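Each remark here refers to the structure printed beneath this line.
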Amino acid sequence: MKSFDRPAKIFENEEALRDEWQPNELLERENELNAYHSALSPVIRGAPPKNIFLYGKTGVGKTVATELLLEQLESDADRFDDLDVSSVTLQCNSLNSSYQVATHLVNELRPSDRPISTTGYPQQTVFNFLWDELERIGGIVIIVLDEIDNIGTDDDILYELPRARANGYVENVKLGVVGISNDFEFRDNLSPKVKDTLCDDEIEFSPYNANELQTILNQRAKFAFQPDVLTCDTIPLCAAFAAQDTGSARQAIRLLYKAGEVALERGDERVNEHYVREAEAILRRKQIERGMRNLTTHGHVVLSAVTIMEMQNNTPARTREIYPEYQRMAKAIDLDPLVERRIRDHLRELSLCSVLELKEHNDGYREGSYFEYQLNTSTNTVINVLMDIDRLMPIVSPIKSKYG
DNA sequence: GATCCACAGGAAATAGTGGCTT
DNA sequence: AAGCCACTATTTCCTGTGGATC
């Protein structure tokens, strides 16, 4: 067993690079913070809060801005006896209906020893639970729905919440909704009645550019690294990678963190640009591997089919070429093959999580546009991941022994 | 120029699962 | 246990597209 050594000192306080680290100020977002601040300010006067809609990609400061401002607001409100302000935040990450948002909100508000089940009740019952809980809290309650775009077009909850008081469902509580969305189009797809009520104030968070990312990274690096550990091109390169890809501060910070770890592993005392490039490749591969592991069985079989076609140099391949290969493999492991339409969806999902690379063609022979798929990583990486899945053994191990 | 082909993907229907109330 | 309720994954049916074909 390798011992836990303590070689070169690189990190001073690496916690500052973790996702859960909460900075006590938000850099490069003055305009957004000002707008947000004034949208919340009616609350301190005891007025019903406005409904606020934030949108922008992940990692551009929406959630941090909300945490900082609400913390400030609640502590400022404490100074006034006639003000009773509280807030609830719900991550709507994997909640794709109003019903689920409602049940999870109820559970967020209830004492944790008597949660309700997230299925089984009629929708109206769940809403009634929700009104009861909110009424119990009273005062002004700000409800933050993070990543609310996951609920798609089922937006009942966004209609009911802002109107609960007007409709007489609650009396003693004033509700404000803060909706946070990663998806710019989400707002357009809301039903008109929701758009009216929910979108009093809209604040857009744009992606960070490379300069802004550098400012942010510099500030984190001051806490995180020993002095003079970073070479002068390290932070600019991290910033450039992240700015090019998503403009996300989270991505930039993860990259910097990883680069530090790679340097540490090599026993180097400085973090230079080579480690950044290496870290970038590692993170990209990790993301793809994660995508591959989180598939359903059918997804795995589709991936296996593309893999074997790639090894036979038959890629890029289109759906109709992949489908027979998929059918053959599914039967080989005693799985009822799905219809072709469904395979289209699976292939689409695989390219969305960057496991497959997709090429669009508009120059088709006797047809309109169509797609071709191929692997986005080396066949070895894919096979290694697929080998870990027991069910796939009968189809993957022959591939491995034949070509590996 | 109308019609056809083969594809992508939307929409609605269906199957199967599991929790709820009565 | 019966009758609801909602969810996920899937199937079935259908529309739109853009070049090829007649």
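The chains in the structure tokens are called A, B, ... from first to last as shown; in each chain the residues are counted from 1, and the ligands are counted from 1 in the order shown.
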
Got a sec: who's within 7 Å of range 103-117 of chain A, counting only C-alpha atoms (C1' of nucleotides), leaving out chain neighbours fewer than 4 positions off, as a list in words? Leu90, Tyr99, Val126, Phe129, Leu130 and Glu133 of chain A

What's around Phe186 in chain A at 10 Å? Count only C-alpha atoms (C1' of nucleotides), leave out sequence neighbours fewer than 4 positions away in its own chain, and write the answer as number ranges by chain. A: 55, 148-153, 181-182, 190

Expected file: the selected residues, N, CA and C atoms, as a PDB file, in the first residue's frame:
```pdb
ATOM      1  N   TYR A  55     -32.042  34.549 -14.740  1.00  0.00           N
ATOM      2  CA  TYR A  55     -31.581  33.506 -15.631  1.00  0.00           C
ATOM      3  C   TYR A  55     -30.171  33.710 -16.123  1.00  0.00           C
ATOM      4  N   ILE A 148     -35.314  25.909 -11.743  1.00  0.00           N
ATOM      5  CA  ILE A 148     -36.744  25.651 -11.908  1.00  0.00           C
ATOM      6  C   ILE A 148     -37.086  25.232 -13.339  1.00  0.00           C
ATOM      7  N   ASP A 149     -36.170  25.494 -14.274  1.00  0.00           N
ATOM      8  CA  ASP A 149     -36.454  25.117 -15.672  1.00  0.00           C
ATOM      9  C   ASP A 149     -36.662  23.621 -15.858  1.00  0.00           C
ATOM     10  N   ASN A 150     -36.223  22.830 -14.861  1.00  0.00           N
ATOM     11  CA  ASN A 150     -36.447  21.386 -14.963  1.00  0.00           C
ATOM     12  C   ASN A 150     -37.911  20.987 -15.048  1.00  0.00           C
ATOM     13  N   ILE A 151     -38.805  21.822 -14.549  1.00  0.00           N
ATOM     14  CA  ILE A 151     -40.203  21.402 -14.586  1.00  0.00           C
ATOM     15  C   ILE A 151     -40.814  21.546 -15.975  1.00  0.00           C
ATOM     16  N   GLY A 152     -40.066  22.131 -16.901  1.00  0.00           N
ATOM     17  CA  GLY A 152     -40.547  22.187 -18.274  1.00  0.00           C
ATOM     18  C   GLY A 152     -41.822  22.989 -18.401  1.00  0.00           C
ATOM     19  N   THR A 153     -42.802  22.436 -19.065  1.00  0.00           N
ATOM     20  CA  THR A 153     -44.011  23.211 -19.341  1.00  0.00           C
ATOM     21  C   THR A 153     -45.085  23.032 -18.283  1.00  0.00           C
ATOM     22  N   SER A 181     -33.204  30.078 -13.314  1.00  0.00           N
ATOM     23  CA  SER A 181     -33.254  29.188 -14.472  1.00  0.00           C
ATOM     24  C   SER A 181     -31.953  29.204 -15.256  1.00  0.00           C
ATOM     25  N   ASN A 182     -31.535  28.029 -15.682  1.00  0.00           N
ATOM     26  CA  ASN A 182     -30.343  27.929 -16.530  1.00  0.00           C
ATOM     27  C   ASN A 182     -30.685  28.124 -17.995  1.00  0.00           C
ATOM     28  N   LEU A 190     -43.170  29.428 -20.805  1.00  0.00           N
ATOM     29  CA  LEU A 190     -44.153  29.452 -19.721  1.00  0.00           C
ATOM     30  C   LEU A 190     -45.519  29.830 -20.284  1.00  0.00           C
TER      31      LEU A 190
END
```

Can you write out as CSV which residues of chain C fall within 6 Å of chain A, alongside each residue's closest atom pair and its distance in Å to one decimal, counting only C-alpha atoms (C1' of nucleotides) and ordering rows by chain and ascending residue number?
```
residue,atom,partner,partner_atom,distance
C:DC5,C1',A:Gly120,CA,5.1
C:DA6,C1',A:Thr119,CA,5.9
C:DT17,C1',A:Gly368,CA,5.7
C:DG18,C1',A:Gly368,CA,4.5
C:DG19,C1',A:Arg366,CA,5.9
C:DA20,C1',A:Arg366,CA,5.1
```

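Shortest atom-to-atom contact with DT10 in chain C among A:Ile10, A:Pro337, A:Ile395, A:Ser351: A:Pro337, counting only C-alpha atoms (C1' of nucleotides).
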
Test item: residues at most 6 Å from range 206-219 of chain A, only C-alpha atoms (C1' of nucleotides), excluding those fewer than 3 positions along its chain, as a PyMOL selection string: chain A and resi 56+60+222+239-240+243+247

Selection near His361 in chain A, 8 Å with only C-alpha atoms (C1' of nucleotides), sequence-local residues under 4 positions removed, as a tab-separated table (two decimals) with N, CA, C and O atoms, in the first residue's frame:
```
chain	number	residue	atom	x	y	z
A	369	SER	N	-32.14	16.35	-43.62
A	369	SER	CA	-30.96	16.27	-42.79
A	369	SER	C	-30.96	14.96	-42.00
A	369	SER	O	-32.00	14.37	-41.75
A	370	TYR	N	-29.80	14.50	-41.64
A	370	TYR	CA	-29.71	13.32	-40.79
A	370	TYR	C	-28.44	13.41	-39.95
A	370	TYR	O	-27.60	14.28	-40.18
A	371	PHE	N	-28.32	12.55	-38.97
A	371	PHE	CA	-27.17	12.59	-38.07
A	371	PHE	C	-26.30	11.36	-38.23
A	371	PHE	O	-26.78	10.28	-38.59
A	372	GLU	N	-25.04	11.54	-37.96
A	372	GLU	CA	-24.12	10.41	-37.86
A	372	GLU	C	-23.44	10.46	-36.51
A	372	GLU	O	-23.13	11.54	-36.00
```

Quick one: DSSP helix (DSSP H, G or I) residues in range 221-396 of chain A, as a count of residues only? 112

Within 12 Å of DT8 in chain C using only C-alpha atoms (C1' of nucleotides), minus same-chain residues under 5 positions, as a PyMOL selection string: (chain A and resi 96+296) or (chain B and resi 15-18)

Skipping near chain neighbours, those fewer than 5 positions away, what residues fall within 10 Å of DC22 in chain C using only C-alpha atoms (C1' of nucleotides), listed as a PyMOL selection string? chain B and resi 2-4

Residues as selected, N, CA and C atoms (P, O5', C5', C4', C3', O3' and C1' of nucleotides), written as a PDB file, in the first residue's frame, can you do that?
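Dumped everything to out.pdb:
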```pdb
ATOM      1  P    DA B   2     -46.927  23.076 -57.841  1.00  0.00           P
ATOM      2  O5'  DA B   2     -47.230  21.528 -57.642  1.00  0.00           O
ATOM      3  C5'  DA B   2     -47.992  20.834 -58.642  1.00  0.00           C
ATOM      4  C4'  DA B   2     -47.753  19.348 -58.502  1.00  0.00           C
ATOM      5  C3'  DA B   2     -48.066  18.762 -57.126  1.00  0.00           C
ATOM      6  O3'  DA B   2     -48.779  17.544 -57.319  1.00  0.00           O
ATOM      7  C1'  DA B   2     -45.815  18.278 -57.687  1.00  0.00           C
ATOM      8  P    DT B   3     -49.325  16.721 -56.058  1.00  0.00           P
ATOM      9  O5'  DT B   3     -48.152  15.671 -55.860  1.00  0.00           O
ATOM     10  C5'  DT B   3     -47.730  14.886 -56.992  1.00  0.00           C
ATOM     11  C4'  DT B   3     -46.620  13.969 -56.563  1.00  0.00           C
ATOM     12  C3'  DT B   3     -46.824  13.293 -55.199  1.00  0.00           C
ATOM     13  O3'  DT B   3     -46.629  11.902 -55.379  1.00  0.00           O
ATOM     14  C1'  DT B   3     -44.673  14.267 -55.331  1.00  0.00           C
ATOM     15  P    DC B   4     -46.820  10.886 -54.136  1.00  0.00           P
ATOM     16  O5'  DC B   4     -45.310  10.458 -53.854  1.00  0.00           O
ATOM     17  C5'  DC B   4     -44.483  10.066 -54.953  1.00  0.00           C
ATOM     18  C4'  DC B   4     -43.082   9.804 -54.438  1.00  0.00           C
ATOM     19  C3'  DC B   4     -43.044   9.020 -53.127  1.00  0.00           C
ATOM     20  O3'  DC B   4     -42.050   8.010 -53.235  1.00  0.00           O
ATOM     21  C1'  DC B   4     -41.813  11.039 -52.918  1.00  0.00           C
TER      22       DC B   4
END
```

Show me, as a count of residues only, the residues of chain B whose atoms get within 12 Å of chain A, using only C-alpha atoms (C1' of nucleotides) for the distance check. 12

So which residues touch DA11 in chain B within 12 Å, counting only C-alpha atoms (C1' of nucleotides), skipping near sequence neighbours fewer than 3 positions away, as a list in words? DT12, DC13, DC14 and DT15 of chain C

So that I have them on file, write out the residues from the current selection with N, CA, C and O atoms (P, O5', C5', C4', C3', O3' and C1' of nucleotides), as a PDB file, in the first residue's frame.
```
ATOM      1  P    DT C  12     -45.684  -0.515 -31.014  1.00  0.00           P
ATOM      2  O5'  DT C  12     -46.780   0.554 -31.467  1.00  0.00           O
ATOM      3  C5'  DT C  12     -47.622   1.143 -30.512  1.00  0.00           C
ATOM      4  C4'  DT C  12     -48.325   2.336 -31.140  1.00  0.00           C
ATOM      5  C3'  DT C  12     -48.337   2.363 -32.674  1.00  0.00           C
ATOM      6  O3'  DT C  12     -49.643   2.690 -33.113  1.00  0.00           O
ATOM      7  C1'  DT C  12     -47.438   4.389 -31.840  1.00  0.00           C
ATOM      8  P    DC C  13     -50.060   2.671 -34.637  1.00  0.00           P
ATOM      9  O5'  DC C  13     -50.187   4.229 -34.933  1.00  0.00           O
ATOM     10  C5'  DC C  13     -50.810   5.083 -33.975  1.00  0.00           C
ATOM     11  C4'  DC C  13     -50.541   6.527 -34.338  1.00  0.00           C
ATOM     12  C3'  DC C  13     -50.550   6.815 -35.852  1.00  0.00           C
ATOM     13  O3'  DC C  13     -51.466   7.852 -36.111  1.00  0.00           O
ATOM     14  C1'  DC C  13     -48.659   7.793 -34.808  1.00  0.00           C
ATOM     15  P    DC C  14     -51.719   8.409 -37.594  1.00  0.00           P
ATOM     16  O5'  DC C  14     -50.870   9.753 -37.571  1.00  0.00           O
ATOM     17  C5'  DC C  14     -50.983  10.618 -36.444  1.00  0.00           C
ATOM     18  C4'  DC C  14     -49.955  11.709 -36.559  1.00  0.00           C
ATOM     19  C3'  DC C  14     -49.834  12.288 -37.976  1.00  0.00           C
ATOM     20  O3'  DC C  14     -50.041  13.678 -37.914  1.00  0.00           O
ATOM     21  C1'  DC C  14     -47.696  11.799 -37.078  1.00  0.00           C
ATOM     22  P    DT C  15     -50.276  14.460 -39.294  1.00  0.00           P
ATOM     23  O5'  DT C  15     -49.141  15.572 -39.189  1.00  0.00           O
ATOM     24  C5'  DT C  15     -48.960  16.291 -37.975  1.00  0.00           C
ATOM     25  C4'  DT C  15     -47.638  17.013 -38.054  1.00  0.00           C
ATOM     26  C3'  DT C  15     -47.426  17.759 -39.373  1.00  0.00           C
ATOM     27  O3'  DT C  15     -46.931  19.048 -39.074  1.00  0.00           O
ATOM     28  C1'  DT C  15     -45.618  16.296 -38.965  1.00  0.00           C
TER      29       DT C  15
END
```
